[in-house]
Amino acid sequence: MTLRKLGLYAAALLLTAWVLAPIVLIALAAATPREDLYRWPRPLWPERLSFEILSSFARQEAVLRALGNSLAVAGLTIVLATLVSAPAGYALARYPFRGREAVQLGILATKMFPATALAVPLAVAFIRWGLYDTLLGVALVHTALSVPFVILIVASVFRGVPAELEEAAMSLGASRVGAFIRVTFPMALPGLAAAAIFTFILSWNEVFAATLLTVNHRTLPALLVHSVVAEGAPLHYRYAGGFFLVLPALVIIFVIRRYLLTLWGVTVR
C-alpha cells in the first residue's frame, strides 16, 4: 500500500469517527438507565442497556403531536420545493441562455443572508397574512430555505440524462412534454427522490423558523429547544430528544445510500 493510499484511508477513518462519535454517544446515553445516567463518574459504555428513557419520551402527548407536525411540515416542504425546483432545474439544464451562470450564482447567493436578520419582518409578515403558528407557514419558510440547493441538485440530475434521448423521442413523434415524461423523468427519478430526501432532512432538522413562527404547533426540534431553553428539561430528556432527531435521518440515508451520487448527476448501478 502506498503512502498516499494510507493517508487517504487514515483521513477517511478520522472523518468517519468524527461524524459517528457524537451519534454513538447520544445513542448510548439514551439507552442508559436513568439512575446510571446521573451517576458520577459514569462509564463510557453502560453496564446495562434500557429503553426506559426512550419509551417514556415517546409516550408524551406533546412529543407525539410535535412528531406529527414535523412529518406534516416535511411532507409539505417536499411537495412545494419539488414543484418550484423541478421546472427551474430542468430549464437550467436544458436551455442555454445568456446569464445562465449568473442565475445559478444568484440562486446560491440567497443562502448568504442570515436567517436571523429576517426574524422580525418574517414574524410580522406572517402575523398579517394569517400564517403565524401554522404548519403551512413553517413549510413555506422551509421551502424557501431548501429551494436554492434543490434547484442546483435537480439541474445536475437532469444534466446527467443525455439530451439526445429526448431529441430521439421527439424525432419519433413525441412532444417535448411526452419525451420528458416517458424518457427523462424515469431516468432522473432516483436523483429526484434523493433530492426529495435531502429536502426532508433539511426540514426535519430546521429549528430557527419553527421556533420563531410557532407557539401551539411546534415541530419536534422546536419543542426540544423550547423545553431545554425555557423549561430546563432534564438531561435524560435531552438525550432522548437528540436520539429521536438523529434516527430518522440515519435510517433514510441508509435506505437511499446507493442513490446519493445521483444528486450530482452520477448514475450508480
# chains A, B, ... in the order shown; residues from 1 in each chain; ligands from 1
>>> closest_atom_pairs(of="segment 139-247 of chain A", to="segment 91-99 of chain A", cutoff="10 Å", atoms="only C-alpha atoms", output="tab-separated table")
residue	atom	partner	partner_atom	distance
A:Ile151	CA	A:Leu92	CA	8.7
A:Leu152	CA	A:Leu92	CA	8.5
A:Val154	CA	A:Ala93	CA	8.6
A:Ala155	CA	A:Ala93	CA	5.1
A:Ser156	CA	A:Ala93	CA	7.1
A:Val157	CA	A:Ala93	CA	8.6
A:Phe158	CA	A:Ala93	CA	6.0
A:Arg159	CA	A:Ala93	CA	5.4
A:Gly160	CA	A:Ala93	CA	9.2
A:Val161	CA	A:Ala93	CA	9.6
A:Pro162	CA	A:Arg94	CA	9.9
A:Ala163	CA	A:Arg94	CA	7.5
>>> write_last_selection(atoms="C-alpha atoms", output="JSON list (two decimals), in the first residue's frame")
[["chain", "number", "residue", "atom", "x", "y", "z"],
["A", 151, "ILE", "CA", -32.64, 23.69, -7.86],
["A", 152, "LEU", "CA", -28.91, 23.16, -8.35],
["A", 154, "VAL", "CA", -32.11, 18.89, -9.80],
["A", 155, "ALA", "CA", -30.25, 20.73, -12.58],
["A", 156, "SER", "CA", -27.27, 18.40, -12.06],
["A", 157, "VAL", "CA", -29.57, 15.39, -12.15],
["A", 158, "PHE", "CA", -31.13, 16.46, -15.45],
["A", 159, "ARG", "CA", -27.70, 17.17, -16.93],
["A", 160, "GLY", "CA", -26.85, 13.55, -16.20],
["A", 161, "VAL", "CA", -29.64, 12.45, -18.57],
["A", 162, "PRO", "CA", -28.45, 12.80, -22.21],
["A", 163, "ALA", "CA", -30.48, 15.36, -24.13]]
>>> closest_atom_pairs(of="segment 129-248 of chain A", to="segment 44-66 of chain A", cutoff="8 Å", atoms="only C-alpha atoms", output="JSON lines")
{"residue": "A:His217", "atom": "CA", "partner": "A:Ala66", "partner_atom": "CA", "distance": 7.1}
{"residue": "A:Arg218", "atom": "CA", "partner": "A:Ala66", "partner_atom": "CA", "distance": 5.7}
{"residue": "A:Thr219", "atom": "CA", "partner": "A:Ala66", "partner_atom": "CA", "distance": 4.6}
{"residue": "A:Leu220", "atom": "CA", "partner": "A:Ala66", "partner_atom": "CA", "distance": 4.7}
{"residue": "A:Leu223", "atom": "CA", "partner": "A:Ala66", "partner_atom": "CA", "distance": 6.9}
{"residue": "A:His236", "atom": "CA", "partner": "A:Ile53", "partner_atom": "CA", "distance": 6.7}
{"residue": "A:Tyr237", "atom": "CA", "partner": "A:Phe57", "partner_atom": "CA", "distance": 6.9}
{"residue": "A:Ala240", "atom": "CA", "partner": "A:Leu54", "partner_atom": "CA", "distance": 5.6}
{"residue": "A:Gly241", "atom": "CA", "partner": "A:Phe57", "partner_atom": "CA", "distance": 7.6}
>>> write_last_selection(atoms="C-alpha atoms", output="PDB file, in the first residue's frame")
ATOM      1  CA  HIS A 217     -47.959  23.862  16.624  1.00  0.00           C
ATOM      2  CA  ARG A 218     -44.280  23.276  17.272  1.00  0.00           C
ATOM      3  CA  THR A 219     -42.241  20.762  15.342  1.00  0.00           C
ATOM      4  CA  LEU A 220     -40.104  18.276  17.246  1.00  0.00           C
ATOM      5  CA  LEU A 223     -40.336  21.575  21.044  1.00  0.00           C
ATOM      6  CA  HIS A 236     -32.236  12.261  30.053  1.00  0.00           C
ATOM      7  CA  TYR A 237     -34.947  14.185  28.162  1.00  0.00           C
ATOM      8  CA  ALA A 240     -33.778  11.011  24.193  1.00  0.00           C
ATOM      9  CA  GLY A 241     -34.794  14.009  22.088  1.00  0.00           C
TER      10      GLY A 241
END
>>> residues_around(residues="segment 197-213 of chain A", least_positions_apart="2", cutoff="7 Å", atoms="only C-alpha atoms", output="PyMOL selection string")
chain A and resi 70+74+78+123+132-133+138+141-142+146+193-195+218-219+221-222+249
>>> select_by_dssp(residues="segment 143-223 of chain A", states="alpha helix (DSSP H)", output="VMD selection string")
chain A and resid 143 to 159 163 to 171 176 to 179 185 to 205 208 to 213 220 to 223
>>> write_last_selection(atoms="C-alpha atoms", output="PDB file, in the first residue's frame")
ATOM      1  CA  THR A 143     -39.259  25.608   1.146  1.00  0.00           C
ATOM      2  CA  ALA A 144     -37.519  28.959   0.747  1.00  0.00           C
ATOM      3  CA  LEU A 145     -34.502  27.601   2.636  1.00  0.00           C
ATOM      4  CA  SER A 146     -34.257  24.407   0.583  1.00  0.00           C
ATOM      5  CA  VAL A 147     -35.119  25.633  -2.927  1.00  0.00           C
ATOM      6  CA  PRO A 148     -31.668  27.133  -3.776  1.00  0.00           C
ATOM      7  CA  PHE A 149     -29.896  23.847  -3.101  1.00  0.00           C
ATOM      8  CA  VAL A 150     -32.614  21.680  -4.606  1.00  0.00           C
ATOM      9  CA  ILE A 151     -32.640  23.693  -7.861  1.00  0.00           C
ATOM     10  CA  LEU A 152     -28.913  23.164  -8.353  1.00  0.00           C
ATOM     11  CA  ILE A 153     -29.187  19.481  -7.399  1.00  0.00           C
ATOM     12  CA  VAL A 154     -32.105  18.893  -9.799  1.00  0.00           C
ATOM     13  CA  ALA A 155     -30.250  20.734 -12.581  1.00  0.00           C
ATOM     14  CA  SER A 156     -27.271  18.401 -12.058  1.00  0.00           C
ATOM     15  CA  VAL A 157     -29.573  15.387 -12.151  1.00  0.00           C
ATOM     16  CA  PHE A 158     -31.135  16.465 -15.453  1.00  0.00           C
ATOM     17  CA  ARG A 159     -27.698  17.175 -16.926  1.00  0.00           C
ATOM     18  CA  ALA A 163     -30.481  15.362 -24.126  1.00  0.00           C
ATOM     19  CA  GLU A 164     -30.068  13.204 -27.231  1.00  0.00           C
ATOM     20  CA  LEU A 165     -32.558  10.718 -25.806  1.00  0.00           C
ATOM     21  CA  GLU A 166     -35.234  13.416 -25.614  1.00  0.00           C
ATOM     22  CA  GLU A 167     -34.404  14.552 -29.151  1.00  0.00           C
ATOM     23  CA  ALA A 168     -34.681  10.977 -30.400  1.00  0.00           C
ATOM     24  CA  ALA A 169     -38.089  10.606 -28.755  1.00  0.00           C
ATOM     25  CA  MET A 170     -39.280  13.884 -30.303  1.00  0.00           C
ATOM     26  CA  SER A 171     -37.997  12.793 -33.718  1.00  0.00           C
ATOM     27  CA  ARG A 176     -41.381  17.736 -25.522  1.00  0.00           C
ATOM     28  CA  VAL A 177     -43.657  17.042 -22.569  1.00  0.00           C
ATOM     29  CA  GLY A 178     -44.174  13.456 -23.717  1.00  0.00           C
ATOM     30  CA  ALA A 179     -40.435  12.958 -24.173  1.00  0.00           C
ATOM     31  CA  PHE A 185     -38.346  11.550 -15.866  1.00  0.00           C
ATOM     32  CA  PRO A 186     -37.873   7.766 -15.361  1.00  0.00           C
ATOM     33  CA  MET A 187     -34.098   8.125 -15.712  1.00  0.00           C
ATOM     34  CA  ALA A 188     -33.938  11.116 -13.375  1.00  0.00           C
ATOM     35  CA  LEU A 189     -36.341   9.671 -10.800  1.00  0.00           C
ATOM     36  CA  PRO A 190     -33.657   8.234  -8.446  1.00  0.00           C
ATOM     37  CA  GLY A 191     -31.915  11.606  -8.332  1.00  0.00           C
ATOM     38  CA  LEU A 192     -35.199  13.447  -7.805  1.00  0.00           C
ATOM     39  CA  ALA A 193     -36.075  11.041  -4.990  1.00  0.00           C
ATOM     40  CA  ALA A 194     -32.686  11.660  -3.379  1.00  0.00           C
ATOM     41  CA  ALA A 195     -33.245  15.423  -3.691  1.00  0.00           C
ATOM     42  CA  ALA A 196     -36.627  14.980  -2.001  1.00  0.00           C
ATOM     43  CA  ILE A 197     -34.972  13.085   0.848  1.00  0.00           C
ATOM     44  CA  PHE A 198     -32.413  15.884   1.160  1.00  0.00           C
ATOM     45  CA  THR A 199     -35.324  18.319   1.468  1.00  0.00           C
ATOM     46  CA  PHE A 200     -36.951  16.124   4.107  1.00  0.00           C
ATOM     47  CA  ILE A 201     -33.786  16.029   6.226  1.00  0.00           C
ATOM     48  CA  LEU A 202     -33.320  19.797   5.930  1.00  0.00           C
ATOM     49  CA  SER A 203     -36.906  20.417   7.016  1.00  0.00           C
ATOM     50  CA  TRP A 204     -36.761  17.793   9.769  1.00  0.00           C
ATOM     51  CA  ASN A 205     -33.656  19.353  11.364  1.00  0.00           C
ATOM     52  CA  PHE A 208     -34.968  28.508  13.867  1.00  0.00           C
ATOM     53  CA  ALA A 209     -38.082  29.170  11.775  1.00  0.00           C
ATOM     54  CA  ALA A 210     -40.103  26.508  13.574  1.00  0.00           C
ATOM     55  CA  THR A 211     -39.260  28.072  16.946  1.00  0.00           C
ATOM     56  CA  LEU A 212     -39.860  31.640  15.795  1.00  0.00           C
ATOM     57  CA  LEU A 213     -43.133  31.085  13.925  1.00  0.00           C
ATOM     58  CA  LEU A 220     -40.104  18.276  17.246  1.00  0.00           C
ATOM     59  CA  PRO A 221     -36.845  20.321  17.084  1.00  0.00           C
ATOM     60  CA  ALA A 222     -38.718  23.469  18.173  1.00  0.00           C
ATOM     61  CA  LEU A 223     -40.336  21.575  21.044  1.00  0.00           C
TER      62      LEU A 223
END
>>> closest_residue(among="A:Val79, A:Val228, A:Leu235, A:Leu105", to="Tyr38 of chain A", atoms="only C-alpha atoms")
A:Leu235
>>> atom_distance(atom1="atom CA of Leu224 of chain A", atom2="atom CA of Gly130 of chain A")
25.1 Å
>>> closest_residue(among="A:Leu76, A:Ala109, A:Ala125, A:Ala119", to="Ala139 of chain A", atoms="only C-alpha atoms")
A:Leu76
>>> closest_residue(among="A:Leu140, A:Leu131, A:Leu118, A:Val124", to="Val73 of chain A", atoms="only C-alpha atoms")
A:Leu140
>>> atom_distance(atom1="atom CA of Ile253 of chain A", atom2="atom CA of Asn69 of chain A")
21.3 Å
>>> decode(residues="segment 208-245 of chain A", atoms="C-alpha atoms", output="PDB file, in the first residue's frame")
ATOM      1  CA  PHE A 208     -34.968  28.508  13.867  1.00  0.00           C
ATOM      2  CA  ALA A 209     -38.082  29.170  11.775  1.00  0.00           C
ATOM      3  CA  ALA A 210     -40.103  26.508  13.574  1.00  0.00           C
ATOM      4  CA  THR A 211     -39.260  28.072  16.946  1.00  0.00           C
ATOM      5  CA  LEU A 212     -39.860  31.640  15.795  1.00  0.00           C
ATOM      6  CA  LEU A 213     -43.133  31.085  13.925  1.00  0.00           C
ATOM      7  CA  THR A 214     -44.951  28.573  16.138  1.00  0.00           C
ATOM      8  CA  VAL A 215     -46.397  28.525  19.620  1.00  0.00           C
ATOM      9  CA  ASN A 216     -49.044  25.808  19.716  1.00  0.00           C
ATOM     10  CA  HIS A 217     -47.959  23.862  16.624  1.00  0.00           C
ATOM     11  CA  ARG A 218     -44.280  23.276  17.272  1.00  0.00           C
ATOM     12  CA  THR A 219     -42.241  20.762  15.342  1.00  0.00           C
ATOM     13  CA  LEU A 220     -40.104  18.276  17.246  1.00  0.00           C
ATOM     14  CA  PRO A 221     -36.845  20.321  17.084  1.00  0.00           C
ATOM     15  CA  ALA A 222     -38.718  23.469  18.173  1.00  0.00           C
ATOM     16  CA  LEU A 223     -40.336  21.575  21.044  1.00  0.00           C
ATOM     17  CA  LEU A 224     -36.955  20.289  22.225  1.00  0.00           C
ATOM     18  CA  VAL A 225     -35.357  23.731  22.052  1.00  0.00           C
ATOM     19  CA  HIS A 226     -38.251  25.272  23.963  1.00  0.00           C
ATOM     20  CA  SER A 227     -38.109  22.505  26.580  1.00  0.00           C
ATOM     21  CA  VAL A 228     -34.355  22.860  27.073  1.00  0.00           C
ATOM     22  CA  VAL A 229     -34.077  26.670  26.998  1.00  0.00           C
ATOM     23  CA  ALA A 230     -37.345  27.809  28.572  1.00  0.00           C
ATOM     24  CA  GLU A 231     -38.213  24.895  30.845  1.00  0.00           C
ATOM     25  CA  GLY A 232     -34.768  23.487  31.662  1.00  0.00           C
ATOM     26  CA  ALA A 233     -35.517  19.910  30.594  1.00  0.00           C
ATOM     27  CA  PRO A 234     -33.555  17.210  32.457  1.00  0.00           C
ATOM     28  CA  LEU A 235     -30.537  15.527  30.956  1.00  0.00           C
ATOM     29  CA  HIS A 236     -32.236  12.261  30.053  1.00  0.00           C
ATOM     30  CA  TYR A 237     -34.947  14.185  28.162  1.00  0.00           C
ATOM     31  CA  ARG A 238     -32.280  15.936  26.075  1.00  0.00           C
ATOM     32  CA  TYR A 239     -30.511  12.703  25.167  1.00  0.00           C
ATOM     33  CA  ALA A 240     -33.778  11.011  24.193  1.00  0.00           C
ATOM     34  CA  GLY A 241     -34.794  14.009  22.088  1.00  0.00           C
ATOM     35  CA  GLY A 242     -31.424  14.104  20.359  1.00  0.00           C
ATOM     36  CA  PHE A 243     -31.684  10.414  19.539  1.00  0.00           C
ATOM     37  CA  PHE A 244     -35.197  10.844  18.106  1.00  0.00           C
ATOM     38  CA  LEU A 245     -33.962  13.689  15.899  1.00  0.00           C
TER      39      LEU A 245
END
